[in-house]
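Colleague: Pasting a structure here, questions to come.
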Amino acid sequence: MKHAIAILYLLVIVSIQCVAQGRGFFENNKDKKFYGGAIGGLNFSALNGDIYDGYRKVGFNAGGTIYVRLLSRLHASVELLYTQKGCRGVRVFDSYYVGTFVESYKVNLNYLELPLVLHFLLNDKWSIGVGGAYAGLIKSSEEVFTDQPITFSPDKNAFVREDVSLVLNANMQFYKGWFLGLRYQHSMASIRDADKIPYWFSDGSGRQTNTLFSLRLMYLIN
């Protein structure tokens, strides 16, 4: 959360510096109804429901987008993204077997995702948005380095193949057609059945959900 606040603060500072550049991208293209472009960025992810804290899993997201002007200040966008989620867990504990020990836990979840977002233009430079995303799981892996041998089964510990998430979004234009964005996503349902969550790494809630912050760069074609 601290990293997200720092990034948002940086966006505000950069936005203030860019005010002198004139009207925004959508204001300069009032006659257009559709806009296409490309997106790329970094995900900082975690799994809610495990025993670790922090958004330590760094992945990337990349793909294309189409914007549609609905009203003068209301736009809708649809994206097709390849996106990486999961977690990186680390904890230090006193092991009965080996003494003080540093445990590491890794979950990699790769999705093909389709976000649909409504954007409200606050001014020529800034917009905020809310929407949802549907994602299909392409590939997953899970591993741990701990004081006792633990193995994971693709069947007994399987993740569900679909993920539906809430999306909150903020974009800022910093140059002609170029936008810097901050996005938050959180799964609406558990990404793994309760009986398939490894109990060694569960917080006891009986569910696991993806949560992430994304820092994104977007280019829309004039």
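Labels for the structure tokens follow display order: chains A, B, ..., residues from 1 in each chain, ligands from 1.
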Please report, as an NGL selection string, each residue of chain A to which DSSP assigns strand (DSSP E) when run on this structure's backbone.
Modeller: :A and (34-48 or 57-69 or 74-95 or 99-121 or 126-145 or 162-175 or 178-187 or 209-220)
Colleague: What's the 10 Å shell around Arg161 of chain A, counting only C-alpha atoms, without same-chain residues fewer than 6 positions away, as a VMD selection string?
Modeller: chain A and resid 111 135 to 140 191 to 192
Colleague: Convert the current residue selection to file output with C-alpha atoms, as a compact mmCIF listing (two decimals), in the first residue's frame.
Modeller:
# COMPACT_ATOMS: atom_id res chain seq x y z
CA TYR A 111 -3.72 -15.26 -17.21
CA ALA A 135 -9.38 -13.83 -16.71
CA GLY A 136 -8.65 -17.35 -17.89
CA LEU A 137 -5.74 -19.19 -16.29
CA ILE A 138 -3.08 -20.23 -18.82
CA LYS A 139 -0.35 -21.59 -16.56
CA SER A 140 0.30 -21.99 -12.84
CA ILE A 191 -9.20 -18.68 -6.95
CA ARG A 192 -8.89 -22.08 -5.26
Colleague: Would you work out the distance separating atom CA of Gly204 of chain A from atom CA of Arg183 of chain A, expressed in Å to one decimal?
Modeller: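 Separation between atom CA of Gly204 of chain A and atom CA of Arg183 of chain A: 28.3 Å.
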Colleague: Give me the residues near Leu74 of chain A as a list in words, where near means some atom within 8 Å (using only C-alpha atoms) and where sequence neighbours in that chain fewer than 5 positions away do not count.
Modeller: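 Contacts, in chain order: Arg69, Leu118, His119, Phe120 and Leu121 of chain A.
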Colleague: In terms of the shortest atom-to-atom distance over only C-alpha atoms, which of A:Gly36, A:Ser165, A:Gln84, A:Phe101 is closest to Tyr219 of chain A?
Modeller: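 Result for the nearest residue to Tyr219 of chain A: A:Gly36.
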Colleague: With distances taken over only C-alpha atoms, which residue among A:Asp195, A:Glu79, A:Asp50, A:Glu103 lies nearest Thr211 of chain A?
Modeller: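 Checking each of A:Asp195, A:Glu79, A:Asp50, A:Glu103 against Thr211 of chain A, counting only C-alpha atoms, the winner is A:Asp50.
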Colleague: Between A:Tyr199, A:Asn123, A:Cys87, A:Ile39, which one has atoms that come closest to Gly64 of chain A, using only C-alpha atoms?
Modeller: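 So, comparing all the options, the nearest one is A:Ile39.
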Colleague: Might you pull out every residue within 9 Å of Ala170 of chain A, with only C-alpha atoms counted and same-chain residues fewer than 6 positions away left off, and present them as a PyMOL selection string?
Modeller: chain A and resi 119+126-130+180-183
Colleague: Let's have the selection written as an mmCIF file, in the first residue's frame, with N, CA and C atoms.
Modeller:
data_model
loop_
_atom_site.group_PDB
_atom_site.id
_atom_site.type_symbol
_atom_site.label_atom_id
_atom_site.label_comp_id
_atom_site.auth_asym_id
_atom_site.auth_seq_id
_atom_site.Cartn_x
_atom_site.Cartn_y
_atom_site.Cartn_z
ATOM 1 N N HIS A 119 -14.616 4.999 -17.731
ATOM 2 C CA HIS A 119 -13.699 6.064 -17.346
ATOM 3 C C HIS A 119 -14.429 7.403 -17.330
ATOM 4 N N TRP A 126 -6.590 14.069 -16.464
ATOM 5 C CA TRP A 126 -6.848 12.986 -15.525
ATOM 6 C C TRP A 126 -8.181 12.304 -15.778
ATOM 7 N N SER A 127 -8.212 10.997 -15.548
ATOM 8 C CA SER A 127 -9.468 10.241 -15.555
ATOM 9 C C SER A 127 -9.413 9.177 -14.467
ATOM 10 N N ILE A 128 -10.591 8.835 -13.947
ATOM 11 C CA ILE A 128 -10.708 7.736 -12.993
ATOM 12 C C ILE A 128 -11.711 6.736 -13.560
ATOM 13 N N GLY A 129 -11.568 5.472 -13.183
ATOM 14 C CA GLY A 129 -12.438 4.461 -13.760
ATOM 15 C C GLY A 129 -12.738 3.329 -12.804
ATOM 16 N N VAL A 130 -13.830 2.618 -13.102
ATOM 17 C CA VAL A 130 -14.224 1.449 -12.335
ATOM 18 C C VAL A 130 -14.798 0.429 -13.307
ATOM 19 N N LEU A 180 0.043 7.543 -18.264
ATOM 20 C CA LEU A 180 0.571 6.755 -17.158
ATOM 21 C C LEU A 180 -0.604 6.370 -16.273
ATOM 22 N N GLY A 181 -0.715 5.090 -15.925
ATOM 23 C CA GLY A 181 -1.870 4.629 -15.183
ATOM 24 C C GLY A 181 -1.517 3.848 -13.939
ATOM 25 N N LEU A 182 -2.416 3.928 -12.958
ATOM 26 C CA LEU A 182 -2.321 3.133 -11.739
ATOM 27 C C LEU A 182 -3.620 2.352 -11.608
ATOM 28 N N ARG A 183 -3.521 1.042 -11.428
ATOM 29 C CA ARG A 183 -4.695 0.189 -11.365
ATOM 30 C C ARG A 183 -4.635 -0.716 -10.139
#
Colleague: Which residues come within 12 Å of Lys30 of chain A, counting only C-alpha atoms, excluding same-chain residues fewer than 6 positions away, as a list in words?
Modeller: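 So the residues in contact are Arg23, Gly24, Val68, Arg69, Leu70, Leu71, Ser72, Arg73, Asp124 and Asn222 of chain A.
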Colleague: Can you pull out the residues contacting Leu220 of chain A? Cut-off 10 Å, using only C-alpha atoms, and skip same-chain residues under 3 positions away; I want them as a list in words.
Modeller: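 After dropping sequence-adjacent residues, the list is Phe25, Phe26, Tyr35, Gly36, Gly37, Ala38, Ile39, Gly64, Thr65, Ile66, Tyr67, Lys176, Gly177, Trp178 and Phe179 of chain A.
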Colleague: Just checking: using only C-alpha atoms, which residue out of A:Val58, A:Val78, A:Ile221, A:Trp200 ends up closest to Lys32 of chain A?
Modeller: A:Ile221
Colleague: Return the single residue from A:Ser153, A:Phe174, A:Ser190, A:Leu212 that is closest to Leu42 of chain A, with distances computed using only C-alpha atoms.
Modeller: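 Closest residue, counting only C-alpha atoms: A:Leu212.
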Colleague: Name the residues in contact with Ala194 of chain A at a cut-off of 10 Å, using only C-alpha atoms, excluding same-chain residues fewer than 6 positions from it; report them as an NGL selection string.
Modeller: :A and (157 or 202 or 204-208)
Colleague: Can those selected residues be exported to a file as an mmCIF file, in the first residue's frame so that it contains C-alpha atoms?
Modeller:
data_model
loop_
_atom_site.group_PDB
_atom_site.id
_atom_site.type_symbol
_atom_site.label_atom_id
_atom_site.label_comp_id
_atom_site.auth_asym_id
_atom_site.auth_seq_id
_atom_site.Cartn_x
_atom_site.Cartn_y
_atom_site.Cartn_z
ATOM 1 C CA ASN A 157 -3.818 -28.156 -5.024
ATOM 2 C CA SER A 202 -3.438 -20.832 4.773
ATOM 3 C CA GLY A 204 -7.678 -20.315 7.973
ATOM 4 C CA SER A 205 -10.211 -18.291 5.971
ATOM 5 C CA GLY A 206 -10.780 -21.100 3.481
ATOM 6 C CA ARG A 207 -10.276 -18.852 0.452
ATOM 7 C CA GLN A 208 -7.525 -17.279 -1.618
#
Colleague: Within segment 16-183 of chain A, find each residue whose DSSP state, derived from the backbone, is alpha helix (DSSP H), and express the selection as a PyMOL selection string.
Modeller: chain A and resi 16-18+25-28
Colleague: Considering only C-alpha atoms, give me a table of residues in segment 124-209 of chain A that are at most 12 Å from segment 91-98 of chain A, with the closest atom pair and distance in Å for each, as JSON lines.
Modeller:
{"residue": "A:Val144", "atom": "CA", "partner": "A:Arg91", "partner_atom": "CA", "distance": 11.6}
{"residue": "A:Phe145", "atom": "CA", "partner": "A:Arg91", "partner_atom": "CA", "distance": 10.8}
{"residue": "A:Thr146", "atom": "CA", "partner": "A:Ser95", "partner_atom": "CA", "distance": 9.4}
{"residue": "A:Asp147", "atom": "CA", "partner": "A:Val98", "partner_atom": "CA", "distance": 6.9}
{"residue": "A:Gln148", "atom": "CA", "partner": "A:Tyr97", "partner_atom": "CA", "distance": 8.2}
{"residue": "A:Pro149", "atom": "CA", "partner": "A:Tyr97", "partner_atom": "CA", "distance": 11.7}
{"residue": "A:Phe201", "atom": "CA", "partner": "A:Arg91", "partner_atom": "CA", "distance": 11.3}
Colleague: Can those selected residues be exported to a file as a PDB file, in the first residue's frame so that it contains N, CA and C atoms?
Modeller:
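To be explicit, this is the file written out as part-v3.pdb:
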ATOM      1  N   VAL A 144       7.877 -24.187  -2.681  1.00  0.00           N
ATOM      2  CA  VAL A 144       8.265 -23.659  -1.387  1.00  0.00           C
ATOM      3  C   VAL A 144       9.638 -24.194  -1.014  1.00  0.00           C
ATOM      4  N   PHE A 145      10.406 -23.365  -0.317  1.00  0.00           N
ATOM      5  CA  PHE A 145      11.671 -23.781   0.278  1.00  0.00           C
ATOM      6  C   PHE A 145      11.510 -23.596   1.779  1.00  0.00           C
ATOM      7  N   THR A 146      11.405 -24.712   2.508  1.00  0.00           N
ATOM      8  CA  THR A 146      11.152 -24.641   3.942  1.00  0.00           C
ATOM      9  C   THR A 146      11.959 -25.715   4.660  1.00  0.00           C
ATOM     10  N   ASP A 147      11.699 -25.857   5.969  1.00  0.00           N
ATOM     11  CA  ASP A 147      12.532 -26.757   6.773  1.00  0.00           C
ATOM     12  C   ASP A 147      12.118 -28.218   6.643  1.00  0.00           C
ATOM     13  N   GLN A 148      10.976 -28.482   6.011  1.00  0.00           N
ATOM     14  CA  GLN A 148      10.532 -29.854   5.809  1.00  0.00           C
ATOM     15  C   GLN A 148      10.134 -30.048   4.345  1.00  0.00           C
ATOM     16  N   PRO A 149      10.311 -31.264   3.806  1.00  0.00           N
ATOM     17  CA  PRO A 149       9.941 -31.489   2.410  1.00  0.00           C
ATOM     18  C   PRO A 149       8.430 -31.402   2.203  1.00  0.00           C
ATOM     19  N   PHE A 201       0.065 -23.047   4.485  1.00  0.00           N
ATOM     20  CA  PHE A 201       0.222 -21.643   4.099  1.00  0.00           C
ATOM     21  C   PHE A 201      -1.104 -20.885   4.085  1.00  0.00           C
TER      22      PHE A 201
END
Colleague: A:Val167, A:Phe34, A:Leu80, A:Val107: which is nearest Arg56 of chain A, counting only C-alpha atoms?
Modeller: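 For Arg56 of chain A, the nearest of the candidates is A:Val107.
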